[in-house]
Each structure stands twice: as structure tokens, then as C-alpha cells.
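Below is query10.txt, which holds compact mmCIF, C-alpha atoms.
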# COMPACT_ATOMS: atom_id res chain seq x y z
CA MET A 1 2.27 -10.91 14.36
CA LEU A 2 1.28 -14.51 13.72
CA MET A 3 -1.13 -15.01 10.88
CA HIS A 4 -3.12 -18.03 9.97
CA LEU A 5 -4.96 -18.82 6.75
CA ASN A 6 -8.05 -20.93 6.35
CA PHE A 7 -8.58 -22.39 2.90
CA ASN A 8 -12.05 -23.58 3.87
CA SER A 9 -13.35 -20.06 4.40
CA GLY A 10 -13.94 -19.37 0.71
CA GLN A 11 -12.24 -16.00 1.14
CA PRO A 12 -9.26 -15.43 -1.16
CA ALA A 13 -5.94 -15.84 0.64
CA TYR A 14 -4.82 -12.29 -0.13
CA LEU A 15 -7.98 -10.87 1.48
CA GLN A 16 -7.38 -12.98 4.55
CA VAL A 17 -3.93 -11.41 4.85
CA VAL A 18 -5.47 -7.94 4.36
CA ASP A 19 -8.09 -8.59 7.04
CA GLN A 20 -5.62 -9.98 9.55
CA ILE A 21 -3.31 -7.01 9.18
CA LYS A 22 -6.27 -4.66 9.57
CA THR A 23 -7.38 -6.56 12.65
CA ALA A 24 -3.86 -6.42 14.07
CA ALA A 25 -3.81 -2.67 13.43
CA ALA A 26 -7.25 -2.17 14.99
CA SER A 27 -6.44 -4.23 18.08
CA GLY A 28 -3.10 -2.57 18.58
CA SER A 29 -1.00 -5.69 18.14
CA LEU A 30 0.52 -3.84 15.20
CA GLN A 31 1.47 -0.24 16.02
CA ALA A 32 1.68 2.78 13.73
CA GLY A 33 5.14 3.05 12.22
CA GLU A 34 5.85 -0.60 12.88
CA ILE A 35 7.37 -2.61 10.04
CA LEU A 36 5.38 -5.42 8.45
CA PRO A 37 6.93 -8.80 7.73
CA GLY A 38 8.81 -8.93 4.40
CA ILE A 39 7.02 -10.44 1.42
CA ARG A 40 9.21 -13.51 1.11
CA PRO A 41 9.36 -14.44 4.83
CA LEU A 42 5.60 -13.99 5.15
CA ALA A 43 4.96 -16.06 2.02
CA GLU A 44 7.14 -18.84 3.40
CA GLN A 45 5.58 -18.66 6.85
CA LEU A 46 2.03 -18.88 5.46
CA ARG A 47 3.05 -21.35 2.75
CA ILE A 48 1.59 -19.15 0.04
CA ASN A 49 2.76 -17.63 -3.18
CA ARG A 50 4.70 -14.38 -2.89
CA ASN A 51 2.30 -12.92 -5.49
CA THR A 52 -0.48 -13.38 -2.94
CA VAL A 53 1.40 -11.46 -0.25
CA ALA A 54 2.37 -8.77 -2.77
CA LYS A 55 -1.27 -8.45 -3.79
CA ALA A 56 -2.36 -8.14 -0.14
CA TYR A 57 0.23 -5.42 0.52
CA ALA A 58 -0.77 -3.56 -2.66
CA GLU A 59 -4.39 -3.68 -1.50
CA LEU A 60 -3.45 -2.37 1.97
CA GLU A 61 -1.40 0.36 0.36
CA SER A 62 -4.26 1.41 -1.92
CA GLN A 63 -6.54 1.56 1.11
CA GLY A 64 -4.03 3.85 2.81
CA ILE A 65 -3.30 1.47 5.67
CA ILE A 66 0.35 0.82 4.96
CA GLU A 67 3.07 2.54 3.00
CA THR A 68 6.08 1.16 1.20
CA GLN A 69 9.42 2.79 1.77
CA PRO A 70 11.69 1.67 -1.04
CA GLY A 71 14.52 -0.51 0.21
CA LYS A 72 13.15 -0.59 3.75
CA GLY A 73 9.83 -2.40 3.62
CA CYS A 74 6.18 -1.76 4.42
CA PHE A 75 5.02 0.19 7.43
CA LEU A 76 1.72 0.75 9.13
CA ILE A 77 0.55 4.32 8.65
CA LYS A 78 -0.50 6.43 11.60
CA ASN A 79 -4.16 7.39 11.63
CA HIS A 80 -4.73 5.06 8.77
CA SER A 81 -8.37 5.68 7.88
CA PRO A 82 -8.42 7.77 4.70
CA PHE A 83 -12.20 7.62 4.37
CA THR A 84 -14.71 10.30 5.14
CA ARG A 85 -17.07 9.71 7.98
CA GLU A 86 -19.96 8.84 5.65
CA VAL A 87 -17.90 6.33 3.67
CA ARG A 88 -16.74 4.73 6.89
CA ARG A 89 -20.30 4.43 8.08
CA LYS A 90 -21.37 2.89 4.81
CA ILE A 91 -18.62 0.28 4.98
CA LEU A 92 -19.53 -0.57 8.55
CA ARG A 93 -23.26 -0.72 7.78
CA GLU A 94 -22.62 -3.43 5.22
CA GLU A 95 -20.56 -5.41 7.71
CA ILE A 96 -23.21 -4.98 10.39
CA ASP A 97 -25.93 -6.17 8.02
CA ALA A 98 -23.91 -9.31 7.33
CA LEU A 99 -23.53 -9.84 11.08
CA LEU A 100 -27.28 -9.41 11.65
CA VAL A 101 -28.09 -11.96 8.96
CA LYS A 102 -25.68 -14.42 10.54
CA ALA A 103 -27.07 -13.78 14.03
CA HIS A 104 -30.57 -14.42 12.68
CA HIS A 105 -29.48 -17.74 11.16
CA LEU A 106 -27.85 -18.73 14.42
CA GLN A 107 -30.94 -17.61 16.34
CA VAL A 108 -29.00 -15.19 18.53
CA GLU A 109 -31.42 -12.66 20.01
CA LYS A 110 -30.95 -8.89 19.90
CA GLU A 111 -30.06 -8.62 23.58
CA GLU A 112 -27.43 -11.33 23.39
CA LEU A 113 -25.93 -9.85 20.22
CA LEU A 114 -25.61 -6.38 21.76
CA ASN A 115 -23.95 -7.90 24.82
CA LEU A 116 -21.51 -9.67 22.56
CA VAL A 117 -20.69 -6.47 20.70
CA ASN A 118 -20.04 -4.68 23.99
CA GLU A 119 -17.91 -7.52 25.19
CA ARG A 120 -15.74 -7.32 22.06
CA LEU A 121 -15.51 -3.52 22.29
CA ALA A 122 -14.24 -3.89 25.84
CA ALA A 123 -11.73 -6.52 24.77
CA PHE A 124 -10.35 -4.34 21.97
CA GLY A 125 -10.30 -1.30 24.26
CA LYS A 126 -8.08 -3.21 26.67
CA LYS A 127 -5.59 -4.17 23.99
CA THR A 128 -5.16 -0.66 22.60
CA GLY A 129 -5.06 0.75 26.11
CA SER A 130 -7.56 3.46 25.16
CA HIS A 131 -11.03 3.95 26.58
CA GLY A 132 -12.67 4.13 23.17
CA THR A 133 -12.58 1.85 20.17
CA PRO A 134 -10.03 2.08 17.39
CA ALA A 135 -12.58 3.31 14.87
CA SER A 136 -14.57 5.60 17.10
CA ASN A 137 -12.73 8.89 16.61
CA PRO A 138 -14.74 11.06 14.23
CA ALA A 139 -12.95 12.57 11.25
CA MET B 1 8.75 -11.81 -25.70
CA ASN B 2 5.73 -9.61 -25.21
CA ALA B 3 3.79 -9.85 -22.00
CA SER B 4 0.81 -11.62 -23.50
CA THR B 5 2.70 -14.62 -24.90
CA PRO B 6 1.88 -17.55 -22.63
CA VAL B 7 4.87 -19.33 -21.13
CA ILE B 8 3.19 -22.64 -21.85
CA ASP B 9 0.56 -23.11 -24.53
CA ILE B 10 -0.80 -26.59 -25.09
CA SER B 11 -3.46 -27.04 -27.74
CA LYS B 12 -5.44 -30.23 -28.41
CA LEU B 13 -2.45 -32.34 -27.44
CA VAL B 14 -2.78 -36.07 -28.15
CA ARG B 15 -0.10 -38.61 -27.35
CA LYS B 16 -0.72 -42.32 -27.89
CA TYR B 17 1.33 -45.26 -26.68
CA GLY B 18 0.27 -47.95 -29.17
CA GLN B 19 -3.50 -48.06 -28.84
CA THR B 20 -3.58 -46.28 -25.47
CA ASP B 21 -4.25 -42.56 -25.33
CA ALA B 22 -2.04 -41.20 -22.55
CA VAL B 23 -3.02 -37.64 -23.42
CA ASN B 24 -6.23 -37.15 -25.32
CA GLY B 25 -6.98 -33.61 -26.47
CA LEU B 26 -5.45 -31.51 -23.68
CA THR B 27 -5.58 -27.72 -23.94
CA LEU B 28 -4.17 -25.30 -21.40
CA SER B 29 -2.19 -22.10 -21.20
CA VAL B 30 0.03 -20.61 -18.49
CA GLU B 31 0.64 -16.88 -18.14
CA PRO B 32 4.03 -15.50 -17.05
CA GLY B 33 4.56 -15.06 -13.32
CA LYS B 34 1.96 -17.63 -12.30
CA CYS B 35 2.28 -20.67 -10.15
CA TYR B 36 0.25 -23.22 -12.09
CA GLY B 37 -0.93 -26.54 -10.68
CA PHE B 38 -1.32 -29.56 -12.93
CA PHE B 39 -3.35 -31.98 -10.85
CA GLY B 40 -4.34 -35.53 -11.63
CA ARG B 41 -4.25 -39.06 -10.35
CA ASN B 42 -1.44 -41.46 -11.12
CA GLY B 43 -1.67 -42.34 -14.80
CA ALA B 44 -3.80 -39.31 -15.72
CA GLY B 45 -1.25 -38.17 -18.31
CA LYS B 46 0.73 -35.57 -16.34
CA THR B 47 4.23 -36.89 -16.96
CA THR B 48 3.51 -37.63 -20.62
CA THR B 49 2.39 -34.01 -21.07
CA ILE B 50 5.56 -32.70 -19.42
CA LYS B 51 7.70 -34.96 -21.59
CA CYS B 52 6.01 -33.47 -24.66
CA LEU B 53 6.86 -29.98 -23.37
CA LEU B 54 10.51 -31.04 -23.10
CA ASN B 55 10.63 -32.71 -26.51
CA LEU B 56 11.39 -36.03 -24.80
CA LEU B 57 8.26 -37.31 -26.53
CA GLN B 58 6.69 -36.08 -29.78
CA PRO B 59 2.96 -35.31 -29.80
CA THR B 60 0.82 -37.70 -31.86
CA SER B 61 -1.21 -34.62 -32.79
CA GLY B 62 -1.91 -31.16 -31.46
CA SER B 63 0.76 -28.66 -30.47
CA VAL B 64 2.85 -27.50 -27.56
CA ARG B 65 4.56 -24.12 -27.38
CA LEU B 66 6.92 -22.77 -24.75
CA PHE B 67 7.58 -19.02 -24.79
CA GLY B 68 5.82 -19.12 -28.16
CA LEU B 69 8.42 -21.54 -29.55
CA ASP B 70 8.11 -25.13 -30.72
CA PRO B 71 10.30 -27.27 -28.42
CA ALA B 72 10.94 -29.76 -31.25
CA ARG B 73 12.32 -27.05 -33.55
CA ASP B 74 13.95 -24.65 -31.10
CA GLU B 75 14.97 -27.17 -28.49
CA VAL B 76 18.07 -25.38 -27.20
CA ALA B 77 16.42 -21.96 -27.12
CA VAL B 78 13.50 -23.41 -25.15
CA LYS B 79 15.55 -25.50 -22.73
CA SER B 80 17.97 -22.69 -21.90
CA ARG B 81 15.01 -20.76 -20.50
CA LEU B 82 13.60 -23.46 -18.24
CA ALA B 83 14.59 -25.92 -15.55
CA TYR B 84 13.01 -29.29 -15.00
CA VAL B 85 12.94 -31.44 -11.89
CA PRO B 86 11.70 -34.95 -12.70
CA ASP B 87 9.89 -37.16 -10.20
CA ASN B 88 12.89 -39.43 -9.97
CA VAL B 89 16.07 -37.47 -9.48
CA ALA B 90 19.34 -39.08 -10.51
CA PHE B 91 22.88 -37.72 -10.27
CA TYR B 92 26.27 -39.14 -11.13
CA PRO B 93 26.95 -41.15 -7.98
CA TRP B 94 30.68 -40.48 -7.92
CA MET B 95 30.26 -36.71 -7.72
CA THR B 96 29.86 -34.75 -4.50
CA ILE B 97 27.08 -32.19 -4.11
CA ARG B 98 29.64 -29.45 -4.81
CA GLU B 99 30.86 -31.14 -7.99
CA THR B 100 27.30 -31.87 -9.13
CA LEU B 101 26.24 -28.23 -8.78
CA ASP B 102 29.39 -26.97 -10.51
CA TYR B 103 28.86 -29.48 -13.30
CA LEU B 104 25.25 -28.40 -13.81
CA ALA B 105 26.21 -24.72 -13.57
CA SER B 106 28.68 -25.23 -16.42
CA PHE B 107 25.76 -25.68 -18.83
CA ARG B 108 24.13 -22.40 -17.81
CA PRO B 109 25.01 -18.87 -18.86
CA HIS B 110 23.97 -17.58 -15.46
CA TRP B 111 24.06 -19.06 -11.95
CA ASN B 112 23.08 -17.26 -8.76
CA ARG B 113 25.84 -18.25 -6.29
CA GLU B 114 24.16 -16.36 -3.48
CA THR B 115 20.91 -18.30 -3.83
CA GLU B 116 22.93 -21.51 -3.98
CA ARG B 117 24.87 -20.67 -0.82
CA GLY B 118 21.72 -19.65 1.02
CA LEU B 119 19.75 -22.77 0.19
CA LEU B 120 22.67 -25.15 0.82
CA SER B 121 23.11 -23.81 4.32
CA GLN B 122 19.38 -23.60 4.99
CA PHE B 123 18.98 -27.28 4.13
CA ARG B 124 22.28 -28.15 5.90
CA LEU B 125 23.44 -30.11 2.89
CA PRO B 126 26.95 -31.56 3.25
CA GLU B 127 28.65 -30.13 0.15
CA HIS B 128 31.50 -32.60 0.08
CA GLN B 129 29.42 -35.73 0.41
CA LYS B 130 28.88 -37.97 -2.62
CA THR B 131 25.38 -37.77 -4.06
CA SER B 132 25.09 -41.58 -3.87
CA THR B 133 25.02 -41.37 -0.07
CA LEU B 134 22.21 -38.79 0.11
CA SER B 135 18.70 -39.52 1.28
CA ARG B 136 15.86 -39.15 -1.18
CA GLY B 137 14.83 -35.86 0.41
CA GLN B 138 18.37 -34.47 0.13
CA ARG B 139 18.60 -35.52 -3.52
CA VAL B 140 15.39 -33.64 -4.32
CA GLN B 141 16.75 -30.63 -2.43
CA VAL B 142 19.93 -30.65 -4.53
CA ALA B 143 17.87 -30.99 -7.72
CA LEU B 144 15.67 -28.05 -6.74
CA ILE B 145 18.68 -25.89 -5.90
CA ALA B 146 20.17 -26.77 -9.29
CA ALA B 147 16.86 -25.82 -10.92
CA VAL B 148 16.43 -22.37 -9.34
CA CYS B 149 20.05 -21.12 -9.39
CA PRO B 150 20.11 -20.48 -13.18
CA GLU B 151 17.02 -18.26 -12.57
CA PRO B 152 15.12 -19.69 -15.53
CA GLU B 153 11.85 -18.17 -16.71
CA LEU B 154 10.04 -21.45 -16.16
CA LEU B 155 10.36 -24.08 -13.46
CA LEU B 156 8.81 -27.43 -14.40
CA LEU B 157 8.29 -29.69 -11.41
CA ASP B 158 7.00 -33.22 -11.85
CA GLU B 159 5.71 -34.65 -8.54
CA PRO B 160 8.46 -32.86 -6.59
CA THR B 161 7.28 -33.96 -3.16
CA SER B 162 6.07 -37.50 -3.67
CA GLY B 163 7.93 -40.05 -1.61
CA LEU B 164 9.14 -37.46 0.89
CA ASP B 165 8.17 -37.33 4.53
CA PRO B 166 5.75 -34.57 5.57
CA ILE B 167 8.30 -32.56 7.56
CA ILE B 168 10.67 -32.25 4.61
CA ARG B 169 7.76 -31.53 2.26
CA ARG B 170 6.52 -28.71 4.46
CA GLU B 171 9.89 -27.12 4.85
CA PHE B 172 11.44 -26.96 1.52
CA ILE B 173 8.90 -26.33 -1.20
CA GLU B 174 8.09 -22.83 0.09
CA THR B 175 11.74 -22.11 0.69
CA VAL B 176 12.77 -23.06 -2.83
CA ILE B 177 9.87 -21.32 -4.51
CA GLY B 178 10.44 -18.24 -2.35
CA ALA B 179 14.08 -18.14 -3.43
CA TYR B 180 13.11 -18.67 -7.06
CA GLN B 181 10.62 -15.79 -7.09
CA GLU B 182 12.90 -13.43 -5.16
CA THR B 183 14.24 -11.66 -8.25
CA ASP B 184 11.93 -10.53 -11.03
CA PRO B 185 8.76 -12.38 -9.88
CA GLY B 186 6.86 -11.31 -13.01
CA ASN B 187 9.14 -13.56 -15.05
CA ARG B 188 9.23 -16.55 -12.73
CA THR B 189 6.65 -19.09 -13.78
CA ILE B 190 6.12 -22.41 -12.03
CA PHE B 191 4.33 -25.39 -13.51
CA VAL B 192 3.96 -28.13 -10.93
CA SER B 193 2.41 -31.51 -11.54
CA THR B 194 1.26 -33.36 -8.45
CA HIS B 195 -1.40 -35.44 -6.81
CA LEU B 196 -0.42 -34.12 -3.35
CA ILE B 197 -2.54 -31.04 -3.78
CA ALA B 198 -2.78 -29.99 -0.14
CA GLU B 199 0.99 -29.37 -0.15
CA PHE B 200 0.58 -26.67 -2.78
CA GLU B 201 -2.76 -25.22 -1.68
CA GLY B 202 -1.51 -21.70 -0.97
CA LEU B 203 1.06 -21.56 -3.73
CA ILE B 204 -1.21 -22.24 -6.65
CA ASP B 205 -2.66 -19.30 -8.62
CA GLU B 206 -4.44 -21.37 -11.20
CA PHE B 207 -4.79 -25.06 -11.94
CA THR B 208 -5.92 -27.67 -14.41
CA LEU B 209 -7.33 -30.95 -13.30
CA ILE B 210 -6.44 -33.68 -15.77
CA ASP B 211 -8.10 -37.08 -15.96
CA GLN B 212 -7.72 -39.75 -18.63
CA GLY B 213 -5.63 -37.37 -20.69
CA LYS B 214 -8.20 -34.55 -20.78
CA ALA B 215 -8.60 -31.32 -18.85
CA LEU B 216 -11.65 -31.76 -16.60
CA LEU B 217 -11.45 -28.38 -14.96
CA THR B 218 -9.32 -25.23 -15.29
CA LEU B 219 -9.84 -22.51 -12.71
CA ASN B 220 -8.26 -19.74 -10.72
CA ALA B 221 -7.67 -21.14 -7.21
CA ASP B 222 -9.49 -18.33 -5.37
CA VAL B 223 -12.45 -18.58 -7.72
CA ALA B 224 -12.53 -22.36 -7.21
CA ARG B 225 -12.67 -21.98 -3.44
CA GLN B 226 -15.54 -19.50 -3.82
CA GLN B 227 -17.55 -21.75 -6.14
CA TYR B 228 -17.15 -25.14 -4.51
CA LYS B 229 -18.86 -25.54 -1.16
CA ARG B 230 -19.91 -28.10 1.36
CA ILE B 231 -23.36 -27.25 2.72
CA ARG B 232 -24.69 -29.06 5.77
CA LEU B 233 -28.43 -28.88 6.39
CA ARG B 234 -30.61 -30.13 9.17
CA PHE B 235 -34.38 -30.24 8.81
CA ALA B 236 -37.11 -30.57 11.42
CA GLN B 237 -38.64 -33.46 9.51
CA GLU B 238 -37.59 -35.81 6.75
CA PRO B 239 -35.49 -33.68 4.34
CA PRO B 240 -37.14 -32.69 1.04
CA VAL B 241 -35.80 -33.86 -2.31
CA LEU B 242 -32.95 -31.59 -3.36
CA ASP B 243 -32.30 -31.49 -7.07
CA PHE B 244 -30.61 -28.17 -7.77
CA PRO B 245 -28.31 -28.38 -10.80
CA GLU B 246 -25.39 -27.09 -8.69
CA ILE B 247 -25.35 -30.23 -6.56
CA LEU B 248 -22.42 -32.53 -7.34
CA GLN B 249 -22.86 -34.96 -4.49
CA GLN B 250 -25.23 -35.48 -1.63
CA ARG B 251 -25.30 -37.60 1.47
CA ARG B 252 -28.34 -38.13 3.67
CA GLU B 253 -28.57 -39.40 7.20
CA ALA B 254 -31.94 -39.15 8.96
CA ARG B 255 -32.79 -35.41 9.14
CA GLU B 256 -29.40 -34.25 7.90
CA VAL B 257 -28.12 -33.66 4.39
CA GLU B 258 -24.60 -32.85 3.26
CA LEU B 259 -24.20 -31.34 -0.19
CA ILE B 260 -21.13 -30.73 -2.29
CA VAL B 261 -22.04 -27.96 -4.73
CA ARG B 262 -20.51 -25.80 -7.39
CA GLU B 263 -22.18 -22.40 -7.48
CA ASN B 264 -22.20 -20.29 -10.61
CA GLY B 265 -22.85 -16.79 -9.39
CA HIS B 266 -26.39 -17.42 -8.10
CA PRO B 267 -26.06 -18.33 -4.44
CA LEU B 268 -27.81 -21.56 -3.57
CA THR B 269 -28.39 -20.47 0.01
CA ASP B 270 -31.46 -18.36 -0.91
CA ARG B 271 -33.14 -21.29 -2.60
CA ILE B 272 -32.17 -23.57 0.24
CA ALA B 273 -33.47 -21.15 2.87
CA ALA B 274 -36.89 -21.34 1.16
CA LEU B 275 -36.99 -25.01 2.18
CA ARG B 276 -36.83 -23.90 5.82
CA PRO B 277 -34.04 -25.99 7.23
CA GLU B 278 -33.43 -25.85 10.97
CA SER B 279 -29.77 -25.08 10.45
CA VAL B 280 -27.41 -24.36 7.57
CA SER B 281 -23.65 -24.35 7.62
CA THR B 282 -21.45 -23.63 4.64
CA GLN B 283 -17.77 -24.28 4.15
CA ALA B 284 -15.58 -23.67 1.12
CA LEU B 285 -13.79 -26.68 -0.32
CA ALA B 286 -10.01 -26.73 -0.37
CA LEU B 287 -8.39 -27.60 -3.70
CA GLU B 288 -7.83 -31.22 -2.73
CA GLU B 289 -11.51 -31.64 -1.86
CA ILE B 290 -12.45 -30.08 -5.20
CA PHE B 291 -10.17 -32.60 -6.89
CA VAL B 292 -11.89 -35.49 -5.10
CA ALA B 293 -15.39 -34.09 -5.72
CA THR B 294 -14.70 -33.63 -9.43
CA LEU B 295 -13.20 -37.06 -9.98
CA LYS B 296 -15.62 -39.09 -7.94
Please re-express this file's structure in C-alpha cells.
Amino acid sequence: MLMHLNFNSGQPAYLQVVDQIKTAAASGSLQAGEILPGIRPLAEQLRINRNTVAKAYAELESQGIIETQPGKGCFLIKNHSPFTREVRRKILREEIDALLVKAHHLQVEKEELLNLVNERLAAFGKKTGSHGTPASNPA
Amino acid sequence: MNASTPVIDISKLVRKYGQTDAVNGLTLSVEPGKCYGFFGRNGAGKTTTIKCLLNLLQPTSGSVRLFGLDPARDEVAVKSRLAYVPDNVAFYPWMTIRETLDYLASFRPHWNRETERGLLSQFRLPEHQKTSTLSRGQRVQVALIAAVCPEPELLLLDEPTSGLDPIIRREFIETVIGAYQETDPGNRTIFVSTHLIAEFEGLIDEFTLIDQGKALLTLNADVARQQYKRIRLRFAQEPPVLDFPEILQQRREAREVELIVRENGHPLTDRIAALRPESVSTQALALEEIFVATLK
């Protein structure tokens, strides 16, 4: 998994690491049970402080996405969504609202936006090799 | 030492050279386990401050404390807990790298041989070559190895990468800092003075920007990148007058305006949207751009 940080995004570096690991998990480029890069190698690769990587991994662990096995490293957990259906919907609603605001600013019409969403769903579906989307299985 | 004692505590530090104030009322404090950036232009007072920390210079007034101790009174106790890499590294020219490291290790109660071996081979340093024949980059590498192997609680780096080519800079700072923080990261504090801020962008937890001997700005790096923004606006007609207090700089060109702003919790974008621009784009500033925006 190759990560890349953007210091012009305004998003804290640790959250960028969190998001990229989540994206990798959702798109299937990181599989359940697979080991994550060690804290020091990842810090050196991204040219960031090890505290930042440690903070990102702690956040992922508290969200139930990865687990730490002492002496072995961090692993992606199978079926990693610990949230109830309603909580998941709430989280997604907020993200969708942000997307809608952005689309409005960019003057992207409803039709075009929906097409884009479908296009991305198809792209993710291909990567995971499943017909559905990674988040579509109900609890 | 209890967890709340700052590793470095500088209070109202003043240091004069004759009539010139090199440091003029500087206050800052560094918590254990942090990587702290001390940014400023050449001549801003960075090296003078570090020399006061090391008791190489005495403060004209104000105080400096390391680990809660006064470096002038408890010099040995303070220095045994830190390592310092100056901007101009010098070794005894007749010694080889091996002899230099052994010599420096002889002053330390503890020396991590494994870290030393790892870094020497990673940098491909020729152990039996005399230090007088090394390139500038190799000399800095040796100095950094010598600084991290005793596993001190504090690493003081004064312009560690200036004068080095970009490839060497990229490679070794992360490697050395990674090795340093490998054991007991909560007790590995780094204080790095530099004007090459982009090199340290991702490493810095918190920073102080010093100018003319005073702290202009002290912030957490993530918070800084959230507050400082570049906003580009395009209007359908002549742009309106923009005089929000958050604006630090603005540039205008026909129907376009570029703003450098520092937000304080109340997003500017709402107020800007009320002016009905045709397009808005926002980008966070990297630390180096914040440095330039603050000093300009």
C-alpha cells in the first residue's frame, strides 16, 4: 500500500493516514487479516513523525478497523464496521451533505453527480471483486 | 521527573551582544515526546537561544530550564541527558569514524551499539576512513549517529540540513529521527532549529516562529494548517473591497483575488459566499508558507 500525504489539504496528517487505510480497506487493496506497515517504516516512508503514525493506528484501533497483536504488528480486522446501521447511516449522511455542498459550488448538476457516484461504485466493485459495494451489507 | 515538567522551558529570555539584542524576550516550552520546530530566518536568534540552553552563553536576563534544571548550575546533569548537533560539525581530523564514535561513546553511560551498526550500514559510512576525508553530508551523518546512540531524552539540532544536497537531506533526517524514537518514544524529545521548514513539515508536532529575537507565533502544526489558508476567488465583475480581519495578504488581478488568511474558528467562506463570487477555491498553507506569510 503506497500512501501519500498532502500538507495543503488542511487535514491533519494522522487523519490522512486513517482515511487512506480505510480507503485501502474499502477498495480491497488491503485485505482482512493483512498486516499493516510498521510504525517506523511508515513514518520514514511518509517523512512524518512516528507519533503521527502511532496516533493514526490508535484511531483506527479505536474505530475497530485494525487490531494490534503484541510483538507482531497491526492487522486489518475482518468485517470491520462496528457501528449499528443507524450510526453508519448518520456518518454517511454527513459525508454526503459535504459532497452535495461541494457539487453545488462546482455547479455539478444532480444527474451528473449521480452518474459519478455510480461510476465510482462500479470502480470499487471491480476492485473488491464483489457485485455490491464494501459498505452495502446491512448489519 | 514528572510527566508535566517541560523538557525545555524558556521564559522572557534576553541575550544582548553589546547594544544588539540577539534574543529579546523569548518564551517557549517543549513537552516531552514532541518534535518541536524552532523556525526563523538567518540572524533571528535561533543559535543564540540554543547556546543559552547549553550554557555556552549566559542569558542577559530571563531564564532557561532543561528538565526543570538550570543549565548554568546543573550543567553536567543537564548535558548528560541531551545531545546537541551544531550547524557546523567538527571532529578530530586524525581519527577515523570508528575511533570518533568510540571516543564520543566513552563520555556516555549508555550507547546503543545496535542503532550505531544499523545507521552506519544504512548510510554506507566507511568506518575506517579518517573524518577529515569525509564529505559534509557524511560528517553530519556521523554527528547525528553520535547524537542518537546515547539515547538522550533531548536531541538539540541546530540547522542540521543546511548546506546539504536535497537527496541526502531527504534520506537521512527521517532515518535518524526514526531510529532515535524507536525506543521509549514518550521520552524522546527533538528540538530542531531551521529555516528549511519544508524538510521537516511532517515531523513537526509544534513550532515557534522567531523573528528579531521574539516569538512571533507558537502553534501546533495541525492547527496551523487548519487556520492558515489561501483562498482564490473569481468574481463576475470588479471584485468588491475585502477587509475581513482574518486577511493577512491579498493580491488582485482583474476579476480575481487571492487571499492569505488566518481563520479563528469562524469560517470565512460563509462571509465570502455572501459576496457571490463566481468561484472559490481554498487550500491550506504548508508550514513554510505560513512562515513566509507571517514574516512578510
*9 Å contacts from chain B to chain A using all atoms listed in the file, as a PyMOL selection string*: chain B and resi 33-35+170-171+173-175+177-179+181-182+185-186+199-205+221-229+279-280+282-287
*asked:* Could you list, as a list in words, every residue within 12 Å of Val117 (chain A), counting all atoms listed in the file and ignoring same-chain residues fewer than 6 positions away?
replied: Ile96, Leu99, Leu100, Ala103, Lys110, Glu111, Ala123, Phe124 and Thr133 of chain A
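For the pair CA of Ile190 (chain B) and CA of Thr60 (chain B), the separation is 25.6 Å.
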*Within 9 Å of Leu57 (chain B), counting all atoms listed in the file, which residues show up once you throw out same-chain ones fewer than 6 positions away? Write them as a ChimeraX atom specification, please.*
/B:15,48-51
*Go ahead and find all residues with at least one atom no further than 12 Å from (19.3, -23.5, 0.1) in the file's coordinates, using only C-alpha atoms; report them as a PyMOL selection string.*
chain B and resi 112-127+138+140-149+171-180
Give as an mmCIF file with C-alpha atoms, in the frame of the given file every residue, naming chains and numbers as the document does, that has an atom within 12 Å of (0.8, -5.5, 1.2), counting all atoms listed in the file.
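Wrote result-v4.cif, looks like this:
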data_model
loop_
_atom_site.group_PDB
_atom_site.id
_atom_site.type_symbol
_atom_site.label_atom_id
_atom_site.label_comp_id
_atom_site.auth_asym_id
_atom_site.auth_seq_id
_atom_site.Cartn_x
_atom_site.Cartn_y
_atom_site.Cartn_z
ATOM 1 C CA TYR A 14 -4.820 -12.290 -0.130
ATOM 2 C CA LEU A 15 -7.980 -10.870 1.480
ATOM 3 C CA GLN A 16 -7.380 -12.980 4.550
ATOM 4 C CA VAL A 17 -3.930 -11.410 4.850
ATOM 5 C CA VAL A 18 -5.470 -7.940 4.360
ATOM 6 C CA ASP A 19 -8.090 -8.590 7.040
ATOM 7 C CA GLN A 20 -5.620 -9.980 9.550
ATOM 8 C CA ILE A 21 -3.310 -7.010 9.180
ATOM 9 C CA LYS A 22 -6.270 -4.660 9.570
ATOM 10 C CA ILE A 35 7.370 -2.610 10.040
ATOM 11 C CA LEU A 36 5.380 -5.420 8.450
ATOM 12 C CA PRO A 37 6.930 -8.800 7.730
ATOM 13 C CA GLY A 38 8.810 -8.930 4.400
ATOM 14 C CA ILE A 39 7.020 -10.440 1.420
ATOM 15 C CA ARG A 40 9.210 -13.510 1.110
ATOM 16 C CA LEU A 42 5.600 -13.990 5.150
ATOM 17 C CA ALA A 43 4.960 -16.060 2.020
ATOM 18 C CA ARG A 50 4.700 -14.380 -2.890
ATOM 19 C CA ASN A 51 2.300 -12.920 -5.490
ATOM 20 C CA THR A 52 -0.480 -13.380 -2.940
ATOM 21 C CA VAL A 53 1.400 -11.460 -0.250
ATOM 22 C CA ALA A 54 2.370 -8.770 -2.770
ATOM 23 C CA LYS A 55 -1.270 -8.450 -3.790
ATOM 24 C CA ALA A 56 -2.360 -8.140 -0.140
ATOM 25 C CA TYR A 57 0.230 -5.420 0.520
ATOM 26 C CA ALA A 58 -0.770 -3.560 -2.660
ATOM 27 C CA GLU A 59 -4.390 -3.680 -1.500
ATOM 28 C CA LEU A 60 -3.450 -2.370 1.970
ATOM 29 C CA GLU A 61 -1.400 0.360 0.360
ATOM 30 C CA SER A 62 -4.260 1.410 -1.920
ATOM 31 C CA GLN A 63 -6.540 1.560 1.110
ATOM 32 C CA GLY A 64 -4.030 3.850 2.810
ATOM 33 C CA ILE A 65 -3.300 1.470 5.670
ATOM 34 C CA ILE A 66 0.350 0.820 4.960
ATOM 35 C CA GLU A 67 3.070 2.540 3.000
ATOM 36 C CA THR A 68 6.080 1.160 1.200
ATOM 37 C CA GLN A 69 9.420 2.790 1.770
ATOM 38 C CA GLY A 73 9.830 -2.400 3.620
ATOM 39 C CA CYS A 74 6.180 -1.760 4.420
ATOM 40 C CA PHE A 75 5.020 0.190 7.430
ATOM 41 C CA LEU A 76 1.720 0.750 9.130
#
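With distances taken over all atoms listed in the file, B:Leu196 is the one residue among B:Leu196, B:Ala236, B:Val257, B:Leu53 lying closest to Phe291 (chain B).
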*Rank B:Ile97, B:Glu289, B:Asp87, B:Gly213 by their smallest atom-to-atom distance to Thr133 (chain B), using only C-alpha atoms, and report the top residue only.*
B:Ile97
_At a cut-off of 10 Å, using all atoms listed in the file, what residues contact Phe244 (chain B)? Leave out same-chain residues fewer than 4 positions from it and give the result as number ranges by chain._
B: 248, 261, 268, 271-272
*Contacts of Lys79 (chain B) within 10 Å, only C-alpha atoms, excl. fewer than 5 positions in-chain, as number ranges by chain*: B: 53-55, 66, 71, 74, 84, 152, 154
*What is the CA of Pro32 (chain B)-CA of Leu82 (chain B) distance in Å, reported with one decimal?*
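Those two atoms sit 12.5 Å apart.
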_To one decimal place in Å, what is the distance between CA of Lys130 (chain B) and CA of Asn88 (chain B)?_
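Those two atoms sit 17.7 Å apart.
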